[in-house]
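Heads up: the structure comes next, in structure tokens.
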Amino acid sequence: MESLTKMELPSEEQYLFCIRCGRCLPECPTYRVTLKETHSPRARVMLVRKFVEGELEPSPNFIDQIYRCLDCLACNEVCPVGIKPADLALQMRAYFHRTQPQPWFKPLLFRGYFPHPGRIELSMLPVAIYQRLGLQKLLHSLKLNWLFPAQLRDLERLLPNPIPLRPLRHRLPETIPAQGERRYRVGFFLGCFQNTVFAEVSWASIQVLTRNGCEVVMPKDVRCCGMPHIGYGDIPTFVELARYNISLFEGLVVDAIVTDCATCGSTLKEYGKYLGDNPEWAERAQKFSGKVRDVSEFLVEIGFEEPARQLRARVTYHDPCHLRRGQGVWKEPRQVIEAAVTDFIEMEAPDTCCGAAGTQLITHYETSVAILDGKMERVAATGAEILAAGCPGCQLQLGLGIQHRNLKMRVVHPVQLLAEAYGFAGAKGL
Ligand code: SF4
Ligand code: SF4
């Protein structure tokens, strides 16, 4: 927990280097779209320094600069002297959470909502009914949605249509047997989004895993990985969630813990680091994190079966920040896609952030959309008909980008392409 609450401040030499450097600025999406130094990683580093040295109050502008950071990790990766502006921004948020008055809805969301899968499921039900009654289609065909301000319009069409009426965890047994001879037994960490919105993705993952000789155990009582809590500084609730999930999976004898959500995966892999200073939990957390694999990473590790026939499609791929930089997983999703389709094409700069970063579309709409627009220009230039990305947050944001540009294209998780090439029937087979 200390790594999230203790401020890892740069040394005096690092600060002196930083003032004259600027290497991270062109890598930072918030700087690139505004060209304002205050929106850059270097500015965030300096603001934190001034604050710690007592020269700066936690003004609304300072707090906003810290929350503007997308935690895309690009600056951490390129800094030549090892400063980690992205980590500093998260540590600063944890400090604000502890010391500053918080908006009334924050405890409701972070303690009363995210840790309770049943409540998340219940909140999705009105959306599913709204879509199924045809109200969304009606609204769009009468063009009434254009009466909304742009941000509301985008939020209204962000979710895929239709989202499932029944969450995935209620539709599957806890243990799904391997097809043919069992070679592995894997625990499956079902993310909140995959359970309620992208059930098709996790259904595809489970089918692909079983096809490759895995018995899949999916604990139904799994809770949020805690990433929203890290992102908004609520470290005590994050720690509770991490301990809960570790205990839950300790009861299973599995070779690996697999997830198809990049954000969940990067968080679960860091439980070992975050809980490392607690003697009771350090070893348990490290053991848990050591078993976590992204689904593409695990499939490559076990040597997945190449499909007999590839899908005839032109596909491009977006690297989710928490998969590529957070986990160092970037070759494996490409290997999965290249095995599944006839035509894979790289877009320019596939590893730049799409602007989703949790709730940026709500909190910093203009910046989020400007970053998305740059990404979609590069996506459109590929001429692909399918855009793959292994993170539900990115999938939602990219889906919105497709609507903005009226592109004839669908967004999928790479594992869905493999499932399709194997001949699985998607969610219809559920
Ligand atoms: S994490 Fe990304 S958005 Fe945040 S400061 Fe670094 S480069 Fe900029
Ligand atoms: S790359 Fe590192 S040293 Fe250079 S400006 Fe960014 S944070 Fe400072």
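Going through the structure tokens in order, the chains are called A, B, and so on, while each chain numbers its residues from 1 and the ligands are numbered from 1 in the order shown.
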Shell of 9 Å around ligand 1 (only C-alpha atoms and all ligand atoms), written as a PDB file with N, CA and C atoms, in the first residue's frame:
```
ATOM      1  N   CYS A  24       9.390  13.877 -22.365  1.00  0.00           N
ATOM      2  CA  CYS A  24       8.077  13.220 -22.267  1.00  0.00           C
ATOM      3  C   CYS A  24       6.950  14.055 -22.893  1.00  0.00           C
ATOM      4  N   LEU A  25       7.195  15.330 -23.156  1.00  0.00           N
ATOM      5  CA  LEU A  25       6.079  16.189 -23.601  1.00  0.00           C
ATOM      6  C   LEU A  25       5.399  15.679 -24.878  1.00  0.00           C
ATOM      7  N   PRO A  26       6.176  15.384 -25.947  1.00  0.00           N
ATOM      8  CA  PRO A  26       5.477  14.916 -27.173  1.00  0.00           C
ATOM      9  C   PRO A  26       4.815  13.559 -27.011  1.00  0.00           C
ATOM     10  N   GLU A  27       5.147  12.829 -25.950  1.00  0.00           N
ATOM     11  CA  GLU A  27       4.517  11.514 -25.734  1.00  0.00           C
ATOM     12  C   GLU A  27       3.197  11.643 -24.972  1.00  0.00           C
ATOM     13  N   CYS A  28       2.989  12.793 -24.341  1.00  0.00           N
ATOM     14  CA  CYS A  28       1.841  12.938 -23.436  1.00  0.00           C
ATOM     15  C   CYS A  28       0.596  13.376 -24.209  1.00  0.00           C
ATOM     16  N   PRO A  29      -0.464  12.577 -24.201  1.00  0.00           N
ATOM     17  CA  PRO A  29      -1.655  12.933 -24.983  1.00  0.00           C
ATOM     18  C   PRO A  29      -2.306  14.239 -24.532  1.00  0.00           C
ATOM     19  N   THR A  30      -2.295  14.525 -23.240  1.00  0.00           N
ATOM     20  CA  THR A  30      -2.962  15.768 -22.811  1.00  0.00           C
ATOM     21  C   THR A  30      -2.154  16.993 -23.243  1.00  0.00           C
ATOM     22  N   TYR A  31      -0.837  16.848 -23.309  1.00  0.00           N
ATOM     23  CA  TYR A  31      -0.007  17.964 -23.797  1.00  0.00           C
ATOM     24  C   TYR A  31      -0.171  18.100 -25.312  1.00  0.00           C
ATOM     25  N   ARG A  32      -0.175  16.960 -26.005  1.00  0.00           N
ATOM     26  CA  ARG A  32      -0.220  17.001 -27.477  1.00  0.00           C
ATOM     27  C   ARG A  32      -1.456  17.725 -28.002  1.00  0.00           C
ATOM     28  N   HIS A  39      -0.319  21.147 -18.954  1.00  0.00           N
ATOM     29  CA  HIS A  39      -0.964  19.845 -19.173  1.00  0.00           C
ATOM     30  C   HIS A  39       0.066  18.746 -19.460  1.00  0.00           C
ATOM     31  N   SER A  40       1.320  19.017 -19.131  1.00  0.00           N
ATOM     32  CA  SER A  40       2.371  18.047 -19.463  1.00  0.00           C
ATOM     33  C   SER A  40       2.835  17.288 -18.215  1.00  0.00           C
ATOM     34  N   PRO A  41       3.500  16.141 -18.421  1.00  0.00           N
ATOM     35  CA  PRO A  41       4.027  15.391 -17.272  1.00  0.00           C
ATOM     36  C   PRO A  41       5.020  16.220 -16.470  1.00  0.00           C
ATOM     37  N   ARG A  42       5.864  16.987 -17.180  1.00  0.00           N
ATOM     38  CA  ARG A  42       6.870  17.777 -16.462  1.00  0.00           C
ATOM     39  C   ARG A  42       6.192  18.779 -15.528  1.00  0.00           C
ATOM     40  N   ALA A  43       5.105  19.397 -16.000  1.00  0.00           N
ATOM     41  CA  ALA A  43       4.399  20.353 -15.145  1.00  0.00           C
ATOM     42  C   ALA A  43       3.819  19.636 -13.923  1.00  0.00           C
ATOM     43  N   ARG A  44       3.307  18.426 -14.141  1.00  0.00           N
ATOM     44  CA  ARG A  44       2.726  17.688 -13.001  1.00  0.00           C
ATOM     45  C   ARG A  44       3.800  17.380 -11.961  1.00  0.00           C
ATOM     46  N   VAL A  45       4.992  17.041 -12.451  1.00  0.00           N
ATOM     47  CA  VAL A  45       6.102  16.768 -11.537  1.00  0.00           C
ATOM     48  C   VAL A  45       6.428  18.031 -10.731  1.00  0.00           C
ATOM     49  N   ILE A  66      -3.817  17.357 -11.923  1.00  0.00           N
ATOM     50  CA  ILE A  66      -3.487  16.007 -11.463  1.00  0.00           C
ATOM     51  C   ILE A  66      -4.530  15.005 -11.971  1.00  0.00           C
ATOM     52  N   TYR A  67      -5.800  15.426 -11.996  1.00  0.00           N
ATOM     53  CA  TYR A  67      -6.851  14.507 -12.470  1.00  0.00           C
ATOM     54  C   TYR A  67      -6.958  14.457 -13.997  1.00  0.00           C
ATOM     55  N   ARG A  68      -6.329  15.407 -14.676  1.00  0.00           N
ATOM     56  CA  ARG A  68      -6.317  15.384 -16.142  1.00  0.00           C
ATOM     57  C   ARG A  68      -5.436  14.264 -16.687  1.00  0.00           C
ATOM     58  N   CYS A  69      -4.477  13.846 -15.895  1.00  0.00           N
ATOM     59  CA  CYS A  69      -3.560  12.789 -16.348  1.00  0.00           C
ATOM     60  C   CYS A  69      -4.365  11.523 -16.647  1.00  0.00           C
ATOM     61  N   LEU A  70      -4.068  10.892 -17.780  1.00  0.00           N
ATOM     62  CA  LEU A  70      -4.818   9.704 -18.206  1.00  0.00           C
ATOM     63  C   LEU A  70      -4.225   8.409 -17.661  1.00  0.00           C
ATOM     64  N   ASP A  71      -3.133   8.528 -16.930  1.00  0.00           N
ATOM     65  CA  ASP A  71      -2.423   7.335 -16.432  1.00  0.00           C
ATOM     66  C   ASP A  71      -2.091   6.384 -17.594  1.00  0.00           C
ATOM     67  N   CYS A  72      -1.698   7.001 -18.721  1.00  0.00           N
ATOM     68  CA  CYS A  72      -1.379   6.171 -19.894  1.00  0.00           C
ATOM     69  C   CYS A  72       0.033   5.595 -19.803  1.00  0.00           C
ATOM     70  N   LEU A  73       0.820   6.089 -18.867  1.00  0.00           N
ATOM     71  CA  LEU A  73       2.162   5.568 -18.552  1.00  0.00           C
ATOM     72  C   LEU A  73       3.226   5.897 -19.605  1.00  0.00           C
ATOM     73  N   ALA A  74       2.854   6.683 -20.638  1.00  0.00           N
ATOM     74  CA  ALA A  74       3.832   6.981 -21.696  1.00  0.00           C
ATOM     75  C   ALA A  74       5.027   7.743 -21.137  1.00  0.00           C
ATOM     76  N   CYS A  75       4.772   8.667 -20.211  1.00  0.00           N
ATOM     77  CA  CYS A  75       5.870   9.468 -19.652  1.00  0.00           C
ATOM     78  C   CYS A  75       6.807   8.593 -18.804  1.00  0.00           C
ATOM     79  N   ASN A  76       6.229   7.700 -18.004  1.00  0.00           N
ATOM     80  CA  ASN A  76       7.062   6.797 -17.184  1.00  0.00           C
ATOM     81  C   ASN A  76       8.049   6.040 -18.067  1.00  0.00           C
ATOM     82  N   GLU A  77       7.542   5.630 -19.244  1.00  0.00           N
ATOM     83  CA  GLU A  77       8.326   4.763 -20.119  1.00  0.00           C
ATOM     84  C   GLU A  77       9.526   5.493 -20.727  1.00  0.00           C
ATOM     85  N   LYS A  84       8.770   9.146 -12.547  1.00  0.00           N
ATOM     86  CA  LYS A  84       7.509   8.520 -12.970  1.00  0.00           C
ATOM     87  C   LYS A  84       6.347   9.475 -12.728  1.00  0.00           C
ATOM     88  N   PRO A  85       6.128  10.400 -13.674  1.00  0.00           N
ATOM     89  CA  PRO A  85       5.060  11.385 -13.469  1.00  0.00           C
ATOM     90  C   PRO A  85       3.678  10.744 -13.296  1.00  0.00           C
ATOM     91  N   ALA A  86       3.424   9.643 -14.026  1.00  0.00           N
ATOM     92  CA  ALA A  86       2.102   8.997 -13.923  1.00  0.00           C
ATOM     93  C   ALA A  86       1.891   8.469 -12.503  1.00  0.00           C
ATOM     94  N   ASP A  87       2.916   7.861 -11.911  1.00  0.00           N
ATOM     95  CA  ASP A  87       2.798   7.332 -10.544  1.00  0.00           C
ATOM     96  C   ASP A  87       2.620   8.477  -9.547  1.00  0.00           C
ATOM     97  N   ALA A  89       1.207  11.313 -10.089  1.00  0.00           N
ATOM     98  CA  ALA A  89      -0.164  11.833 -10.177  1.00  0.00           C
ATOM     99  C   ALA A  89      -1.113  10.944  -9.364  1.00  0.00           C
ATOM    100  N   CYS A 353      -2.619   6.521 -26.459  1.00  0.00           N
ATOM    101  CA  CYS A 353      -3.881   6.424 -25.702  1.00  0.00           C
ATOM    102  C   CYS A 353      -5.071   6.844 -26.575  1.00  0.00           C
ATOM    103  N   GLY A 355      -7.811   8.062 -25.180  1.00  0.00           N
ATOM    104  CA  GLY A 355      -8.505   9.154 -24.467  1.00  0.00           C
ATOM    105  C   GLY A 355      -9.589   8.684 -23.517  1.00  0.00           C
TER     106      GLY A 355
END
```
May I ask you to write as a PDB file with C-alpha atoms, in the first residue's frame all residues lying at most 6 Å from ligand 2, with only C-alpha atoms and all ligand atoms counted?
```pdb
ATOM      1  CA  PHE A  17      17.633  17.447 -15.338  1.00  0.00           C
ATOM      2  CA  CYS A  18      13.841  17.599 -15.700  1.00  0.00           C
ATOM      3  CA  CYS A  21      14.596  18.015 -20.584  1.00  0.00           C
ATOM      4  CA  GLY A  22      11.050  17.854 -21.991  1.00  0.00           C
ATOM      5  CA  ARG A  23      11.494  14.377 -23.516  1.00  0.00           C
ATOM      6  CA  CYS A  24       8.077  13.220 -22.267  1.00  0.00           C
ATOM      7  CA  PRO A  41       4.027  15.391 -17.272  1.00  0.00           C
ATOM      8  CA  ARG A  42       6.870  17.777 -16.462  1.00  0.00           C
ATOM      9  CA  VAL A  78      10.418   7.458 -21.798  1.00  0.00           C
ATOM     10  CA  CYS A  79      11.858   9.441 -18.881  1.00  0.00           C
ATOM     11  CA  PRO A  80      15.651   9.123 -19.229  1.00  0.00           C
ATOM     12  CA  VAL A  81      16.296   9.657 -15.508  1.00  0.00           C
ATOM     13  CA  ILE A  83      11.030   9.978 -12.932  1.00  0.00           C
ATOM     14  CA  PRO A  85       5.060  11.385 -13.469  1.00  0.00           C
TER      15      PRO A  85
END
```
Which residue is closest to Ile257 of chain A? Choose from A:Leu155, A:Val186, A:Leu323, A:Ala282 and count only C-alpha atoms. A:Val186
Atom-to-atom span, atom CA of Glu55 of chain A and atom CA of Tyr15 of chain A, Å: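 Rounded to one decimal, the two atoms are 15.9 Å apart.
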From a DSSP calculation on the backbone, collect every residue of segment 163-309 of chain A in strand (DSSP E or B) and output the set as a list in words.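 The residues of segment 163-309 of chain A classed as strand (DSSP E or B) are Thr175, Ile176, Tyr184, Arg185, Val186, Gly187, Phe188, Cys214, Glu215, Val216, Val217, Ala256, Ile257, Val258, Thr259, Val292, Arg293 and Asp294 of chain A.
Within the 10 Å cut-off around Glu332 of chain A, using only C-alpha atoms and omitting residues fewer than 6 positions from it on the same chain, the listed residues are Asp294, Val295, Ser296, Glu297, Phe298, Leu299, Val300, Glu301, Glu338 and Pro414 of chain A.
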Counting only C-alpha atoms, which residue out of A:Ala370, A:Val222, A:Glu377, A:Gly328 sits closest to Ala349 of chain A?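 The closest residue to Ala349 of chain A is A:Glu377.
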I need the residues of segment 86-163 of chain A that end up classed as alpha helix (DSSP H) by DSSP on the backbone, written out as an MDAnalysis selection string. chainID A and resid 86:99 105:110 117:132 135:141 150:156
With N, CA and C atoms kept, could you save the residues just selected as a CSV table (one decimal), in the first residue's frame?
```
chain,number,residue,atom,x,y,z
A,86,ALA,N,3.4,9.6,-14.0
A,86,ALA,CA,2.1,9.0,-13.9
A,86,ALA,C,1.9,8.5,-12.5
A,87,ASP,N,2.9,7.9,-11.9
A,87,ASP,CA,2.8,7.3,-10.5
A,87,ASP,C,2.6,8.5,-9.5
A,88,LEU,N,3.4,9.6,-9.8
A,88,LEU,CA,3.2,10.7,-8.9
A,88,LEU,C,1.8,11.3,-8.9
A,89,ALA,N,1.2,11.3,-10.1
A,89,ALA,CA,-0.2,11.8,-10.2
A,89,ALA,C,-1.1,10.9,-9.4
A,90,LEU,N,-0.9,9.6,-9.5
A,90,LEU,CA,-1.8,8.7,-8.7
A,90,LEU,C,-1.6,8.9,-7.2
A,91,GLN,N,-0.3,9.0,-6.8
A,91,GLN,CA,0.0,9.2,-5.4
A,91,GLN,C,-0.6,10.5,-4.8
A,92,MET,N,-0.5,11.5,-5.7
A,92,MET,CA,-1.1,12.8,-5.3
A,92,MET,C,-2.6,12.7,-5.1
A,93,ARG,N,-3.3,11.9,-6.0
A,93,ARG,CA,-4.7,11.7,-5.9
A,93,ARG,C,-5.0,11.0,-4.6
A,94,ALA,N,-4.2,10.1,-4.2
A,94,ALA,CA,-4.4,9.4,-2.9
A,94,ALA,C,-4.3,10.4,-1.8
A,95,TYR,N,-3.4,11.3,-1.9
A,95,TYR,CA,-3.2,12.3,-0.9
A,95,TYR,C,-4.4,13.2,-0.8
A,96,PHE,N,-4.9,13.7,-2.0
A,96,PHE,CA,-6.1,14.5,-2.0
A,96,PHE,C,-7.3,13.8,-1.3
A,97,HIS,N,-7.4,12.5,-1.6
A,97,HIS,CA,-8.5,11.7,-1.1
A,97,HIS,C,-8.4,11.7,0.5
A,98,ARG,N,-7.2,11.6,1.0
A,98,ARG,CA,-7.1,11.5,2.5
A,98,ARG,C,-7.3,12.9,3.1
A,99,THR,N,-6.9,14.0,2.4
A,99,THR,CA,-6.8,15.3,3.1
A,99,THR,C,-7.8,16.3,2.7
A,105,PHE,N,-20.8,12.3,-3.9
A,105,PHE,CA,-21.1,11.0,-4.7
A,105,PHE,C,-19.9,10.0,-4.6
A,106,LYS,N,-18.7,10.5,-4.2
A,106,LYS,CA,-17.6,9.6,-4.3
A,106,LYS,C,-17.7,8.4,-3.4
A,107,PRO,N,-18.0,8.6,-2.1
A,107,PRO,CA,-18.2,7.3,-1.3
A,107,PRO,C,-19.3,6.4,-1.8
A,108,LEU,N,-20.4,7.1,-2.4
A,108,LEU,CA,-21.5,6.3,-2.9
A,108,LEU,C,-21.0,5.4,-4.1
A,109,LEU,N,-20.2,6.0,-4.9
A,109,LEU,CA,-19.7,5.3,-6.1
A,109,LEU,C,-18.6,4.2,-5.7
A,110,PHE,N,-17.6,4.7,-5.0
A,110,PHE,CA,-16.4,3.9,-4.7
A,110,PHE,C,-16.6,2.9,-3.6
A,117,PRO,N,-21.0,-6.3,-7.1
A,117,PRO,CA,-21.4,-6.7,-8.5
A,117,PRO,C,-22.9,-6.7,-8.7
A,118,GLY,N,-23.7,-7.1,-7.7
A,118,GLY,CA,-25.1,-7.1,-7.8
A,118,GLY,C,-25.7,-5.7,-8.1
A,119,ARG,N,-25.1,-4.7,-7.5
A,119,ARG,CA,-25.6,-3.3,-7.7
A,119,ARG,C,-25.2,-2.8,-9.1
A,120,ILE,N,-24.0,-3.2,-9.6
A,120,ILE,CA,-23.6,-2.8,-10.9
A,120,ILE,C,-24.6,-3.5,-11.9
A,121,GLU,N,-24.9,-4.7,-11.7
A,121,GLU,CA,-25.8,-5.4,-12.6
A,121,GLU,C,-27.2,-4.8,-12.6
A,122,LEU,N,-27.7,-4.4,-11.4
A,122,LEU,CA,-29.0,-3.8,-11.3
A,122,LEU,C,-29.0,-2.4,-12.0
A,123,SER,N,-27.9,-1.7,-12.0
A,123,SER,CA,-27.9,-0.4,-12.6
A,123,SER,C,-27.9,-0.5,-14.1
A,124,MET,N,-27.5,-1.7,-14.6
A,124,MET,CA,-27.5,-1.8,-16.1
A,124,MET,C,-28.8,-2.2,-16.7
A,125,LEU,N,-29.7,-2.7,-15.8
A,125,LEU,CA,-31.0,-3.3,-16.2
A,125,LEU,C,-31.8,-2.2,-17.0
A,126,PRO,N,-32.0,-1.0,-16.4
A,126,PRO,CA,-32.8,0.0,-17.1
A,126,PRO,C,-32.2,0.3,-18.5
A,127,VAL,N,-30.9,0.3,-18.6
A,127,VAL,CA,-30.2,0.6,-19.9
A,127,VAL,C,-30.6,-0.5,-20.9
A,128,ALA,N,-30.5,-1.8,-20.4
A,128,ALA,CA,-30.8,-2.9,-21.3
A,128,ALA,C,-32.3,-2.8,-21.7
A,129,ILE,N,-33.2,-2.5,-20.8
A,129,ILE,CA,-34.6,-2.4,-21.2
A,129,ILE,C,-34.9,-1.2,-22.1
A,130,TYR,N,-34.2,-0.1,-21.9
A,130,TYR,CA,-34.3,1.1,-22.7
A,130,TYR,C,-34.0,0.7,-24.2
A,131,GLN,N,-32.9,-0.1,-24.3
A,131,GLN,CA,-32.4,-0.5,-25.6
A,131,GLN,C,-33.4,-1.5,-26.2
A,132,ARG,N,-33.9,-2.4,-25.4
A,132,ARG,CA,-34.7,-3.5,-26.0
A,132,ARG,C,-36.1,-3.0,-26.3
A,135,LEU,N,-36.4,2.2,-27.6
A,135,LEU,CA,-36.5,3.6,-27.3
A,135,LEU,C,-35.2,4.4,-27.8
A,136,GLN,N,-34.1,3.7,-27.7
A,136,GLN,CA,-32.8,4.3,-28.2
A,136,GLN,C,-32.9,4.5,-29.8
A,137,LYS,N,-33.4,3.4,-30.4
A,137,LYS,CA,-33.5,3.5,-31.9
A,137,LYS,C,-34.5,4.6,-32.3
A,138,LEU,N,-35.6,4.7,-31.6
A,138,LEU,CA,-36.6,5.7,-31.9
A,138,LEU,C,-36.0,7.1,-31.7
A,139,LEU,N,-35.3,7.3,-30.6
A,139,LEU,CA,-34.7,8.5,-30.3
A,139,LEU,C,-33.7,8.9,-31.4
A,140,HIS,N,-33.0,7.9,-31.9
A,140,HIS,CA,-32.0,8.2,-33.0
A,140,HIS,C,-32.7,8.4,-34.3
A,141,SER,N,-33.7,7.6,-34.6
A,141,SER,CA,-34.3,7.8,-35.9
A,141,SER,C,-35.1,9.1,-36.0
A,150,ALA,N,-23.4,17.8,-26.7
A,150,ALA,CA,-22.6,16.8,-27.3
A,150,ALA,C,-22.1,15.8,-26.3
A,151,GLN,N,-21.8,16.2,-25.1
A,151,GLN,CA,-21.3,15.2,-24.1
A,151,GLN,C,-22.4,14.2,-23.8
A,152,LEU,N,-23.6,14.7,-23.5
A,152,LEU,CA,-24.7,13.8,-23.2
A,152,LEU,C,-25.0,12.8,-24.3
A,153,ARG,N,-24.9,13.4,-25.5
A,153,ARG,CA,-25.2,12.6,-26.7
A,153,ARG,C,-24.2,11.4,-26.8
A,154,ASP,N,-23.0,11.8,-26.6
A,154,ASP,CA,-21.9,10.7,-26.6
A,154,ASP,C,-22.1,9.7,-25.5
A,155,LEU,N,-22.4,10.1,-24.3
A,155,LEU,CA,-22.6,9.2,-23.2
A,155,LEU,C,-23.8,8.3,-23.5
A,156,GLU,N,-24.8,8.8,-24.1
A,156,GLU,CA,-26.0,8.1,-24.4
A,156,GLU,C,-25.8,6.9,-25.4
```
Kindly indicate which residue among A:Pro103, A:Pro10, A:Gly187, A:Pro236 lies nearest to Val217 of chain A, using only C-alpha atoms for the distances. A:Gly187
Figure out the distance between atom CA of Leu172 of chain A and atom CA of Ala204 of chain A, please, to one decimal in Å.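 Atom CA of Ala204 of chain A sits 12.6 Å away from atom CA of Leu172 of chain A.
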Counting only C-alpha atoms, what is within 9 Å of Leu248 of chain A, bar same-chain residues fewer than 3 positions away, as a ChimeraX atom specification? /A:219,221-222,243-245,251-252
Export of prior selection with N, CA and C atoms as a PDB file, in the first residue's frame:
```pdb
ATOM      1  N   PRO A 219     -14.951 -17.940 -10.529  1.00  0.00           N
ATOM      2  CA  PRO A 219     -15.643 -17.666  -9.263  1.00  0.00           C
ATOM      3  C   PRO A 219     -16.698 -16.579  -9.461  1.00  0.00           C
ATOM      4  N   ASP A 221     -18.306 -14.864  -7.267  1.00  0.00           N
ATOM      5  CA  ASP A 221     -18.349 -13.769  -6.287  1.00  0.00           C
ATOM      6  C   ASP A 221     -17.166 -12.820  -6.428  1.00  0.00           C
ATOM      7  N   VAL A 222     -16.511 -12.846  -7.562  1.00  0.00           N
ATOM      8  CA  VAL A 222     -15.363 -11.962  -7.756  1.00  0.00           C
ATOM      9  C   VAL A 222     -15.836 -10.501  -7.695  1.00  0.00           C
ATOM     10  N   ARG A 243      -7.544  -7.695  -1.157  1.00  0.00           N
ATOM     11  CA  ARG A 243      -7.490  -8.806  -0.193  1.00  0.00           C
ATOM     12  C   ARG A 243      -8.637  -9.788  -0.420  1.00  0.00           C
ATOM     13  N   TYR A 244      -9.796  -9.245  -0.720  1.00  0.00           N
ATOM     14  CA  TYR A 244     -10.950 -10.112  -0.967  1.00  0.00           C
ATOM     15  C   TYR A 244     -10.691 -11.020  -2.178  1.00  0.00           C
ATOM     16  N   ASN A 245     -10.237 -10.429  -3.276  1.00  0.00           N
ATOM     17  CA  ASN A 245     -10.025 -11.227  -4.498  1.00  0.00           C
ATOM     18  C   ASN A 245      -8.907 -12.250  -4.315  1.00  0.00           C
ATOM     19  N   GLY A 251      -8.612 -20.183  -2.761  1.00  0.00           N
ATOM     20  CA  GLY A 251      -9.371 -21.416  -2.561  1.00  0.00           C
ATOM     21  C   GLY A 251      -9.352 -22.332  -3.789  1.00  0.00           C
ATOM     22  N   LEU A 252      -8.799 -21.868  -4.902  1.00  0.00           N
ATOM     23  CA  LEU A 252      -8.817 -22.675  -6.135  1.00  0.00           C
ATOM     24  C   LEU A 252      -7.414 -23.206  -6.430  1.00  0.00           C
TER      25      LEU A 252
END
```
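Between atom CA of Leu47 of chain A and atom CA of Pro60 of chain A the interatomic distance comes to 12.6 Å.
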I want to know what sits within 9 Å of Gly213 of chain A, based on only C-alpha atoms, with residues of the same chain fewer than 2 positions away left out; could you give that as number ranges by chain? A: 177-185, 209-211, 215
Output of the above residues as a PDB file, in the first residue's frame, restricted to N, CA and C atoms:
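Final output, result-v2.pdb:
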```
ATOM      1  N   PRO A 177     -15.883 -27.280 -18.410  1.00  0.00           N
ATOM      2  CA  PRO A 177     -14.874 -28.301 -18.704  1.00  0.00           C
ATOM      3  C   PRO A 177     -14.084 -28.023 -19.981  1.00  0.00           C
ATOM      4  N   ALA A 178     -12.886 -28.603 -20.023  1.00  0.00           N
ATOM      5  CA  ALA A 178     -12.058 -28.522 -21.242  1.00  0.00           C
ATOM      6  C   ALA A 178     -12.718 -29.341 -22.337  1.00  0.00           C
ATOM      7  N   GLN A 179     -12.483 -28.914 -23.598  1.00  0.00           N
ATOM      8  CA  GLN A 179     -12.945 -29.757 -24.709  1.00  0.00           C
ATOM      9  C   GLN A 179     -11.823 -30.749 -24.984  1.00  0.00           C
ATOM     10  N   GLY A 180     -12.151 -31.997 -24.930  1.00  0.00           N
ATOM     11  CA  GLY A 180     -11.099 -33.015 -25.097  1.00  0.00           C
ATOM     12  C   GLY A 180     -10.305 -33.182 -23.810  1.00  0.00           C
ATOM     13  N   GLU A 181      -9.054 -33.552 -23.985  1.00  0.00           N
ATOM     14  CA  GLU A 181      -8.218 -33.838 -22.817  1.00  0.00           C
ATOM     15  C   GLU A 181      -7.883 -32.550 -22.041  1.00  0.00           C
ATOM     16  N   ARG A 182      -8.006 -32.601 -20.706  1.00  0.00           N
ATOM     17  CA  ARG A 182      -7.687 -31.413 -19.907  1.00  0.00           C
ATOM     18  C   ARG A 182      -6.170 -31.274 -19.754  1.00  0.00           C
ATOM     19  N   ARG A 183      -5.639 -30.121 -20.195  1.00  0.00           N
ATOM     20  CA  ARG A 183      -4.195 -29.878 -20.050  1.00  0.00           C
ATOM     21  C   ARG A 183      -3.906 -28.867 -18.938  1.00  0.00           C
ATOM     22  N   TYR A 184      -4.847 -27.959 -18.711  1.00  0.00           N
ATOM     23  CA  TYR A 184      -4.644 -26.923 -17.693  1.00  0.00           C
ATOM     24  C   TYR A 184      -5.962 -26.681 -16.954  1.00  0.00           C
ATOM     25  N   ARG A 185      -5.805 -26.124 -15.748  1.00  0.00           N
ATOM     26  CA  ARG A 185      -6.984 -25.666 -15.005  1.00  0.00           C
ATOM     27  C   ARG A 185      -6.744 -24.188 -14.720  1.00  0.00           C
ATOM     28  N   LEU A 209     -10.370 -20.807 -24.517  1.00  0.00           N
ATOM     29  CA  LEU A 209      -9.561 -21.504 -23.504  1.00  0.00           C
ATOM     30  C   LEU A 209      -9.941 -22.989 -23.436  1.00  0.00           C
ATOM     31  N   THR A 210     -11.230 -23.272 -23.400  1.00  0.00           N
ATOM     32  CA  THR A 210     -11.651 -24.684 -23.303  1.00  0.00           C
ATOM     33  C   THR A 210     -11.245 -25.446 -24.569  1.00  0.00           C
ATOM     34  N   ARG A 211     -11.328 -24.781 -25.714  1.00  0.00           N
ATOM     35  CA  ARG A 211     -10.909 -25.405 -26.978  1.00  0.00           C
ATOM     36  C   ARG A 211      -9.417 -25.792 -26.935  1.00  0.00           C
ATOM     37  N   GLU A 215      -9.614 -26.357 -18.450  1.00  0.00           N
ATOM     38  CA  GLU A 215     -10.828 -26.347 -17.634  1.00  0.00           C
ATOM     39  C   GLU A 215     -10.860 -24.955 -16.994  1.00  0.00           C
TER      40      GLU A 215
END
```
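Taking only C-alpha atoms into account, Thr263 of chain A lies nearest to A:Cys321 out of the set A:Val336, A:Cys321, A:Leu311, A:Leu190.
Residues in contact with Phe424 of chain A at 9 Å, where only C-alpha atoms are counted and same-chain residues fewer than 3 positions away are skipped, are listed as Ala204, Gln207, Val208, Leu418, Ala419, Glu420, Ala421 and Gly429 of chain A.
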Can you write out as JSON lines which residues of segment 255-277 of chain A fall within 10 Å of segment 382-396 of chain A, alongside each residue's closest atom pair and its distance in Å to one decimal, counting only C-alpha atoms and ordering rows by chain and ascending residue number?
```
{"residue": "A:Asp260", "atom": "CA", "partner": "A:Gly390", "partner_atom": "CA", "distance": 6.7}
{"residue": "A:Cys261", "atom": "CA", "partner": "A:Cys391", "partner_atom": "CA", "distance": 5.0}
{"residue": "A:Ala262", "atom": "CA", "partner": "A:Cys391", "partner_atom": "CA", "distance": 5.0}
{"residue": "A:Thr263", "atom": "CA", "partner": "A:Cys391", "partner_atom": "CA", "distance": 6.7}
{"residue": "A:Cys264", "atom": "CA", "partner": "A:Cys391", "partner_atom": "CA", "distance": 8.9}
{"residue": "A:Gly265", "atom": "CA", "partner": "A:Cys391", "partner_atom": "CA", "distance": 9.7}
```
